[in-house]
>>> print(open('query_19.cif').read())   # mmCIF, C-alpha atoms
data_data
#
loop_
_atom_site.label_atom_id
_atom_site.label_comp_id
_atom_site.auth_asym_id
_atom_site.auth_seq_id
_atom_site.Cartn_x
_atom_site.Cartn_y
_atom_site.Cartn_z
CA MET K 1 45.74 210.91 47.11
CA PRO K 2 46.68 209.27 50.42
CA THR K 3 43.98 207.12 51.91
CA SER K 4 43.35 205.96 55.43
CA SER K 5 45.28 202.89 56.51
CA PRO K 6 43.53 199.55 56.12
CA GLN K 7 42.43 197.71 59.21
CA ARG K 8 45.10 195.67 60.92
CA GLY K 9 45.50 192.30 59.26
CA THR K 10 43.91 193.45 55.98
CA PRO K 11 46.43 193.09 53.12
CA LEU K 12 46.93 196.04 50.77
CA SER K 13 45.63 195.74 47.24
CA LYS K 14 48.34 195.49 44.60
CA SER K 15 47.50 198.96 43.30
CA GLU K 16 47.67 200.45 46.80
CA ALA K 17 50.99 198.77 47.54
CA VAL K 18 52.53 200.08 44.30
CA TYR K 19 51.10 203.55 44.90
CA ARG K 20 52.53 203.77 48.41
CA GLU K 21 55.93 202.52 47.29
CA LEU K 22 56.24 204.93 44.37
CA ARG K 23 54.89 207.86 46.36
CA GLY K 24 57.34 207.09 49.16
CA ARG K 25 60.26 207.12 46.74
CA ILE K 26 59.20 210.52 45.34
CA VAL K 27 58.63 212.07 48.77
CA ALA K 28 61.96 210.73 50.04
CA GLY K 29 63.80 212.19 47.05
CA ARG K 30 64.85 208.85 45.55
CA TYR K 31 62.92 209.74 42.41
CA VAL K 32 63.63 213.38 41.48
CA ALA K 33 61.97 215.65 38.93
CA GLY K 34 62.29 214.23 35.43
CA TYR K 35 62.92 210.67 36.60
CA ARG K 36 61.22 208.29 34.18
CA ILE K 37 59.04 205.63 35.79
CA VAL K 38 59.03 202.60 33.51
CA LEU K 39 55.81 200.69 34.14
CA ASP K 40 57.08 197.26 33.05
CA GLN K 41 60.21 197.65 35.17
CA ILE K 42 58.21 198.57 38.28
CA ALA K 43 55.78 195.71 37.61
CA ARG K 44 58.65 193.19 37.46
CA GLU K 45 60.31 194.67 40.52
CA MET K 46 57.14 194.45 42.60
CA GLY K 47 55.93 191.16 41.15
CA VAL K 48 52.68 192.50 39.72
CA SER K 49 51.12 193.03 36.30
CA PRO K 50 51.31 196.48 34.65
CA VAL K 51 47.64 197.14 35.55
CA PRO K 52 48.12 198.08 39.24
CA VAL K 53 51.20 200.11 38.29
CA ARG K 54 49.09 202.04 35.78
CA GLU K 55 46.44 202.65 38.46
CA ALA K 56 49.08 203.90 40.91
CA ILE K 57 50.52 206.24 38.26
CA ARG K 58 47.06 207.72 37.64
CA ARG K 59 46.70 208.49 41.35
CA LEU K 60 50.13 210.13 41.47
CA GLU K 61 49.25 212.11 38.35
CA ALA K 62 46.08 213.38 40.09
CA GLU K 63 48.30 214.59 42.94
CA ARG K 64 50.53 216.36 40.39
CA LEU K 65 53.53 214.35 41.51
CA VAL K 66 53.79 212.54 38.17
CA THR K 67 53.10 213.53 34.57
CA PHE K 68 52.13 211.05 31.87
CA THR K 69 52.77 211.88 28.23
CA ARG K 70 51.79 209.65 25.31
CA ASN K 71 54.85 208.16 23.58
CA VAL K 72 57.03 209.32 26.49
CA GLY K 73 55.56 207.65 29.53
CA ALA K 74 55.44 208.58 33.19
CA GLU K 75 57.91 211.01 34.75
CA VAL K 76 58.23 212.61 38.15
CA ALA K 77 56.73 216.08 37.72
CA SER K 78 58.89 219.16 37.50
CA ILE K 79 57.86 221.84 39.99
CA ASP K 80 57.85 225.51 39.03
CA VAL K 81 57.62 228.75 41.00
CA GLU K 82 53.84 228.93 40.68
CA ASP K 83 53.47 225.39 42.05
CA TYR K 84 55.60 226.26 45.04
CA ALA K 85 53.71 229.49 45.75
CA ASP K 86 50.35 227.71 45.51
CA ALA K 87 51.51 224.89 47.78
CA MET K 88 52.88 227.30 50.37
CA GLU K 89 49.75 229.44 50.38
CA THR K 90 47.59 226.35 50.87
CA LEU K 91 49.90 225.15 53.62
CA ALA K 92 49.81 228.54 55.35
CA TYR K 93 46.05 228.51 55.83
CA LEU K 94 45.82 224.82 56.71
CA GLU K 95 48.75 224.91 59.12
CA GLY K 96 47.51 228.08 60.80
CA ALA K 97 44.10 226.55 61.45
CA ALA K 98 45.43 223.15 62.55
CA THR K 99 48.05 224.66 64.88
CA SER K 100 45.49 226.89 66.56
CA LEU K 101 43.04 224.02 67.02
CA ALA K 102 45.80 221.78 68.39
CA ALA K 103 47.27 224.32 70.83
CA GLU K 104 44.94 223.61 73.74
CA HIS K 105 45.47 219.86 73.32
CA LEU K 106 49.30 219.95 73.32
CA ASP K 107 50.77 217.97 76.21
CA GLU K 108 54.16 218.61 77.80
CA GLN K 109 55.79 215.85 75.77
CA LEU K 110 54.79 217.20 72.36
CA LEU K 111 55.53 220.78 73.33
CA GLY K 112 58.94 219.76 74.66
CA ASP K 113 59.64 217.82 71.48
CA ALA K 114 58.76 220.86 69.34
CA ILE K 115 61.04 223.09 71.41
CA ALA K 116 63.86 220.55 71.09
CA THR K 117 63.37 220.32 67.31
CA ASN K 118 63.58 224.09 66.96
CA GLU K 119 66.80 224.06 68.98
CA GLN K 120 68.19 221.42 66.60
CA MET K 121 67.38 223.75 63.73
CA ARG K 122 69.14 226.63 65.49
CA SER K 123 72.22 224.46 66.16
CA LEU K 124 72.30 223.38 62.51
CA ILE K 125 72.36 227.02 61.38
CA ASN K 126 75.18 227.85 63.81
CA SER K 127 77.23 224.74 63.04
CA GLY K 128 78.90 226.16 59.93
CA GLU K 129 77.89 223.02 58.01
CA PHE K 130 74.34 223.85 56.98
CA ASP K 131 72.40 220.91 55.52
CA SER K 132 69.34 222.29 53.72
CA ARG K 133 67.70 218.87 53.37
CA LEU K 134 68.05 218.11 57.09
CA PHE K 135 66.78 221.60 57.92
CA THR K 136 63.70 221.00 55.76
CA ASP K 137 63.02 217.68 57.49
CA LEU K 138 63.39 219.27 60.93
CA ASN K 139 61.13 222.14 59.93
CA THR K 140 58.39 219.74 58.85
CA ARG K 141 58.85 217.77 62.07
CA PHE K 142 58.46 220.95 64.16
CA HIS K 143 55.19 221.93 62.54
CA ARG K 144 53.87 218.37 62.65
CA GLN K 145 54.61 218.19 66.39
CA LEU K 146 52.60 221.36 67.03
CA ALA K 147 49.68 220.29 64.82
CA THR K 148 49.47 216.59 65.74
CA PRO K 149 46.78 217.01 68.45
CA CYS K 150 44.48 218.83 65.99
CA PRO K 151 41.01 217.41 66.72
CA ASN K 152 39.98 217.82 63.06
CA HIS K 153 41.50 214.62 61.68
CA HIS K 154 40.39 215.30 58.11
CA MET K 155 42.19 218.65 58.15
CA PHE K 156 45.33 217.01 59.53
CA GLU K 157 45.33 214.36 56.77
CA ILE K 158 45.17 217.06 54.10
CA LEU K 159 47.90 218.99 55.92
CA GLU K 160 50.20 215.97 55.92
CA ARG K 161 49.80 215.66 52.16
CA GLU K 162 50.71 219.33 51.69
CA TRP K 163 53.76 219.00 53.97
CA GLU K 164 54.98 216.16 51.77
CA ARG K 165 54.37 218.13 48.59
CA VAL K 166 56.35 221.13 49.84
CA ALA K 167 59.16 218.80 50.98
CA VAL K 168 59.31 217.31 47.47
CA ILE K 169 59.58 220.80 45.96
CA ARG K 170 62.35 221.86 48.34
CA ARG K 171 64.33 218.67 47.88
CA GLY K 172 64.09 219.22 44.15
CA GLY K 173 66.33 222.26 44.52
CA LEU K 174 63.80 224.98 43.77
CA TYR K 175 63.91 226.50 47.23
CA ARG K 176 67.16 228.21 48.22
CA LEU K 177 66.91 230.95 50.83
CA PRO K 178 69.85 230.62 53.24
CA GLY K 179 69.01 233.82 55.11
CA ARG K 180 65.43 232.70 55.65
CA SER K 181 66.48 229.76 57.86
CA ARG K 182 67.51 231.88 60.85
CA ILE K 183 64.38 234.04 60.56
CA SER K 184 62.28 230.88 60.41
CA VAL K 185 63.68 229.61 63.71
CA GLU K 186 63.03 232.99 65.33
CA GLU K 187 59.44 232.93 64.09
CA HIS K 188 59.09 229.44 65.55
CA ASP K 189 60.17 230.95 68.88
CA GLY K 190 57.33 233.43 68.54
CA ILE K 191 54.73 230.73 67.85
CA LEU K 192 55.96 228.71 70.84
CA ALA K 193 55.79 231.80 73.05
CA LEU K 194 52.17 232.38 72.06
CA ILE K 195 51.23 228.77 72.80
CA THR K 196 53.01 228.60 76.16
CA GLY K 197 51.72 232.05 77.09
CA GLY K 198 48.10 231.08 76.63
CA ALA K 199 47.43 233.32 73.61
CA SER K 200 44.06 233.15 71.89
CA ARG K 201 43.35 230.69 69.12
CA GLU K 202 43.13 233.59 66.64
CA GLU K 203 46.58 234.92 67.60
CA ILE K 204 48.18 231.50 67.22
CA GLU K 205 46.49 230.89 63.88
CA MET K 206 47.60 234.25 62.51
CA ALA K 207 51.22 233.76 63.65
CA ALA K 208 51.45 230.27 62.12
CA ARG K 209 49.80 231.43 58.90
CA ASN K 210 51.95 234.54 58.48
CA HIS K 211 55.08 232.48 59.16
CA LYS K 212 54.44 230.46 56.00
CA LEU K 213 53.20 233.39 53.94
CA ARG K 214 56.36 235.39 54.71
CA SER K 215 58.49 232.48 53.56
CA MET K 216 56.51 232.30 50.32
CA ARG K 217 56.78 236.06 49.71
CA ASP K 218 60.52 236.12 50.45
CA PHE K 219 61.02 233.31 47.97
CA ILE K 220 59.03 235.06 45.22
CA ARG K 221 60.84 238.36 45.88
CA GLU K 222 64.25 236.71 45.60
CA ARG K 223 63.29 234.95 42.37
CA GLU K 224 62.07 238.20 40.83
CA GLU K 225 65.24 240.03 41.90
CA ASN K 226 67.41 237.30 40.39
CA ARG K 227 65.52 237.52 37.10
CA ALA K 228 65.68 241.31 36.93
CA PRO K 229 68.08 242.60 34.21
CA GLN K 230 71.35 243.94 35.51
CA HIS K 231 72.22 247.52 34.45
#
>>> encode(input="query_19.cif", output="structure tokens")
Amino acid sequence: MPTSSPQRGTPLSKSEAVYRELRGRIVAGRYVAGYRIVLDQIAREMGVSPVPVREAIRRLEAERLVTFTRNVGAEVASIDVEDYADAMETLAYLEGAATSLAAEHLDEQLLGDAIATNEQMRSLINSGEFDSRLFTDLNTRFHRQLATPCPNHHMFEILEREWERVAVIRRGGLYRLPGRSRISVEEHDGILALITGGASREEIEMAARNHKLRSMRDFIREREENRAPQH
């Protein structure tokens, strides 16, 4: 589980350094589902003993990013439909609360950046060369920009972890809803309109929450339709 950054000038422990490196590779998509993490190889690569690598693997296993099986070893976890639905539902409630708390603290710079990011997403959809990975990264950036001023720092730290988890799932190829992208941008427009129009905290929270819940429900509906027997 991500921890707060050490004070400036304080070196990372070997275990922390290995953990951050491995987690970064998983989040960035360098290590995909099923990738085997060989402890001795990582230890040699990072110039440490296997002990801090083992400690880092245990932390990643607790975050459900890695699985460890006796006689097999450590592998990047495979994500299923239930994992995605749970992650999105968690994200919906956290993001709704954080966005509503942050709204009154948004300055012109952050608001302008969020608007610009949403326009980038719209341009990507209309370009004819849709890049789902780039769209996912822009989507996360948009929501992070709106939630960054959240005064509840503990909530924001948890939210950042959930953003990363959902990004890992989507990069793994589980999430494929081309038609949802355009709707998502339009729903972003609605959230921005509420914020700039001085809507209540409750209205903003509900809009941000429902935005994520609709995405989750659309995904589940499509999966069920694709699994349904054809007559």
>>> resolve_selection(input="query_19.cif", expression="the PyMOL selection byres ((chain K and resi 60) around 10)", output="mmCIF file with C-alpha atoms, keeping the file's coordinate frame")
data_model
loop_
_atom_site.group_PDB
_atom_site.id
_atom_site.type_symbol
_atom_site.label_atom_id
_atom_site.label_comp_id
_atom_site.auth_asym_id
_atom_site.auth_seq_id
_atom_site.Cartn_x
_atom_site.Cartn_y
_atom_site.Cartn_z
ATOM 1 C CA MET K 1 45.740 210.910 47.110
ATOM 2 C CA PRO K 2 46.680 209.270 50.420
ATOM 3 C CA TYR K 19 51.100 203.550 44.900
ATOM 4 C CA ARG K 20 52.530 203.770 48.410
ATOM 5 C CA LEU K 22 56.240 204.930 44.370
ATOM 6 C CA ARG K 23 54.890 207.860 46.360
ATOM 7 C CA ILE K 26 59.200 210.520 45.340
ATOM 8 C CA ARG K 54 49.090 202.040 35.780
ATOM 9 C CA GLU K 55 46.440 202.650 38.460
ATOM 10 C CA ALA K 56 49.080 203.900 40.910
ATOM 11 C CA ILE K 57 50.520 206.240 38.260
ATOM 12 C CA ARG K 58 47.060 207.720 37.640
ATOM 13 C CA ARG K 59 46.700 208.490 41.350
ATOM 14 C CA GLU K 61 49.250 212.110 38.350
ATOM 15 C CA ALA K 62 46.080 213.380 40.090
ATOM 16 C CA GLU K 63 48.300 214.590 42.940
ATOM 17 C CA ARG K 64 50.530 216.360 40.390
ATOM 18 C CA LEU K 65 53.530 214.350 41.510
ATOM 19 C CA VAL K 66 53.790 212.540 38.170
ATOM 20 C CA THR K 67 53.100 213.530 34.570
ATOM 21 C CA PHE K 68 52.130 211.050 31.870
ATOM 22 C CA ALA K 74 55.440 208.580 33.190
ATOM 23 C CA VAL K 76 58.230 212.610 38.150
ATOM 24 C CA ALA K 77 56.730 216.080 37.720
#
>>> resolve_selection(input="query_19.cif", expression="the PyMOL selection byres ((chain K and resi 107) around 12)", output="list in words")
Ala102, Ala103, Glu104, His105, Leu106, Glu108, Gln109, Leu110, Leu111, Gly112, Asp113, Ala114, Gln145, Leu146, Ala147, Thr148, Pro149, Ile195 and Thr196 of chain K
>>> resolve_selection(input="query_19.cif", expression="the PyMOL selection byres ((chain K and resi 85) around 10)", output="JSON, numbers by chain")
{"K": [80, 81, 82, 83, 84, 86, 87, 88, 89, 90, 91, 166, 213, 215, 216, 217, 219, 220]}
>>> closest_residue(input="query_19.cif", among="K:Glu205, K:Val51, K:Tyr35, K:Phe130", to="K:Glu16", atoms="only C-alpha atoms")
K:Val51
>>> residues_around(input="query_19.cif", residues="K:Ile191", least_positions_apart="6", cutoff="7 Å", atoms="only C-alpha atoms", output="JSON, numbers by chain")
{"K": [204, 207, 208]}
>>> atom_distance(input="query_19.cif", atom1="atom CA of K:Gly34", atom2="atom CA of K:Ile169")
12.7 Å
>>> atom_distance(input="query_19.cif", atom1="atom CA of K:Leu192", atom2="atom CA of K:Tyr93")
18.0 Å
>>> residues_around(input="query_19.cif", residues="stretch 124-129 of chain K", least_positions_apart="4", cutoff="10 Å", atoms="all atoms listed in the file", output="number ranges by chain")
K: 118-120, 134-135, 138, 178-179, 181-182, 185
>>> residues_around(input="query_19.cif", residues="K:Leu101", least_positions_apart="6", cutoff="8 Å", atoms="all atoms listed in the file", output="VMD selection string")
chain K and resid 147 150 to 152 201
>>> decode(input="query_19.cif", residues="stretch 135-156 of chain K", atoms="N, CA and C atoms", output="PDB file, in the first residue's frame")
ATOM      1  N   PHE K 135      -6.536   7.622 -23.894  1.00  0.00           N
ATOM      2  CA  PHE K 135      -7.816   8.113 -23.388  1.00  0.00           C
ATOM      3  C   PHE K 135      -7.944   7.813 -21.895  1.00  0.00           C
ATOM      4  N   THR K 136      -7.531   6.616 -21.478  1.00  0.00           N
ATOM      5  CA  THR K 136      -7.572   6.255 -20.063  1.00  0.00           C
ATOM      6  C   THR K 136      -6.691   7.172 -19.233  1.00  0.00           C
ATOM      7  N   ASP K 137      -5.490   7.454 -19.738  1.00  0.00           N
ATOM      8  CA  ASP K 137      -4.572   8.344 -19.014  1.00  0.00           C
ATOM      9  C   ASP K 137      -5.143   9.756 -18.897  1.00  0.00           C
ATOM     10  N   LEU K 138      -5.747  10.252 -19.972  1.00  0.00           N
ATOM     11  CA  LEU K 138      -6.356  11.585 -19.944  1.00  0.00           C
ATOM     12  C   LEU K 138      -7.549  11.620 -18.996  1.00  0.00           C
ATOM     13  N   ASN K 139      -8.320  10.540 -18.992  1.00  0.00           N
ATOM     14  CA  ASN K 139      -9.479  10.471 -18.107  1.00  0.00           C
ATOM     15  C   ASN K 139      -9.053  10.551 -16.641  1.00  0.00           C
ATOM     16  N   THR K 140      -8.002   9.795 -16.289  1.00  0.00           N
ATOM     17  CA  THR K 140      -7.496   9.842 -14.920  1.00  0.00           C
ATOM     18  C   THR K 140      -6.975  11.239 -14.589  1.00  0.00           C
ATOM     19  N   ARG K 141      -6.283  11.852 -15.552  1.00  0.00           N
ATOM     20  CA  ARG K 141      -5.762  13.201 -15.340  1.00  0.00           C
ATOM     21  C   ARG K 141      -6.891  14.183 -15.074  1.00  0.00           C
ATOM     22  N   PHE K 142      -7.982  14.085 -15.841  1.00  0.00           N
ATOM     23  CA  PHE K 142      -9.121  14.983 -15.669  1.00  0.00           C
ATOM     24  C   PHE K 142      -9.672  14.907 -14.249  1.00  0.00           C
ATOM     25  N   HIS K 143      -9.917  13.692 -13.795  1.00  0.00           N
ATOM     26  CA  HIS K 143     -10.507  13.531 -12.465  1.00  0.00           C
ATOM     27  C   HIS K 143      -9.521  13.915 -11.355  1.00  0.00           C
ATOM     28  N   ARG K 144      -8.240  13.668 -11.592  1.00  0.00           N
ATOM     29  CA  ARG K 144      -7.240  14.085 -10.603  1.00  0.00           C
ATOM     30  C   ARG K 144      -7.187  15.614 -10.510  1.00  0.00           C
ATOM     31  N   GLN K 145      -7.279  16.294 -11.638  1.00  0.00           N
ATOM     32  CA  GLN K 145      -7.256  17.759 -11.631  1.00  0.00           C
ATOM     33  C   GLN K 145      -8.431  18.338 -10.833  1.00  0.00           C
ATOM     34  N   LEU K 146      -9.600  17.735 -10.970  1.00  0.00           N
ATOM     35  CA  LEU K 146     -10.767  18.229 -10.232  1.00  0.00           C
ATOM     36  C   LEU K 146     -10.692  17.904  -8.744  1.00  0.00           C
ATOM     37  N   ALA K 147     -10.043  16.794  -8.389  1.00  0.00           N
ATOM     38  CA  ALA K 147     -10.026  16.365  -6.988  1.00  0.00           C
ATOM     39  C   ALA K 147      -8.784  16.804  -6.222  1.00  0.00           C
ATOM     40  N   THR K 148      -7.773  17.308  -6.913  1.00  0.00           N
ATOM     41  CA  THR K 148      -6.507  17.655  -6.261  1.00  0.00           C
ATOM     42  C   THR K 148      -6.645  18.589  -5.058  1.00  0.00           C
ATOM     43  N   PRO K 149      -7.505  19.620  -5.097  1.00  0.00           N
ATOM     44  CA  PRO K 149      -7.602  20.504  -3.931  1.00  0.00           C
ATOM     45  C   PRO K 149      -8.403  19.929  -2.767  1.00  0.00           C
ATOM     46  N   CYS K 150      -8.790  18.650  -2.833  1.00  0.00           N
ATOM     47  CA  CYS K 150      -9.574  18.052  -1.753  1.00  0.00           C
ATOM     48  C   CYS K 150      -8.858  18.256  -0.414  1.00  0.00           C
ATOM     49  N   PRO K 151      -9.509  18.896   0.553  1.00  0.00           N
ATOM     50  CA  PRO K 151      -8.839  19.181   1.829  1.00  0.00           C
ATOM     51  C   PRO K 151      -8.624  17.943   2.691  1.00  0.00           C
ATOM     52  N   ASN K 152      -9.303  16.831   2.363  1.00  0.00           N
ATOM     53  CA  ASN K 152      -9.110  15.584   3.098  1.00  0.00           C
ATOM     54  C   ASN K 152      -7.983  14.809   2.427  1.00  0.00           C
ATOM     55  N   HIS K 153      -6.770  14.989   2.915  1.00  0.00           N
ATOM     56  CA  HIS K 153      -5.595  14.410   2.253  1.00  0.00           C
ATOM     57  C   HIS K 153      -5.574  12.889   2.347  1.00  0.00           C
ATOM     58  N   HIS K 154      -6.099  12.343   3.423  1.00  0.00           N
ATOM     59  CA  HIS K 154      -6.143  10.881   3.556  1.00  0.00           C
ATOM     60  C   HIS K 154      -7.062  10.290   2.487  1.00  0.00           C
ATOM     61  N   MET K 155      -8.208  10.924   2.267  1.00  0.00           N
ATOM     62  CA  MET K 155      -9.132  10.459   1.232  1.00  0.00           C
ATOM     63  C   MET K 155      -8.476  10.522  -0.142  1.00  0.00           C
ATOM     64  N   PHE K 156      -7.738  11.600  -0.397  1.00  0.00           N
ATOM     65  CA  PHE K 156      -7.103  11.760  -1.705  1.00  0.00           C
ATOM     66  C   PHE K 156      -6.027  10.700  -1.932  1.00  0.00           C
TER      67      PHE K 156
END
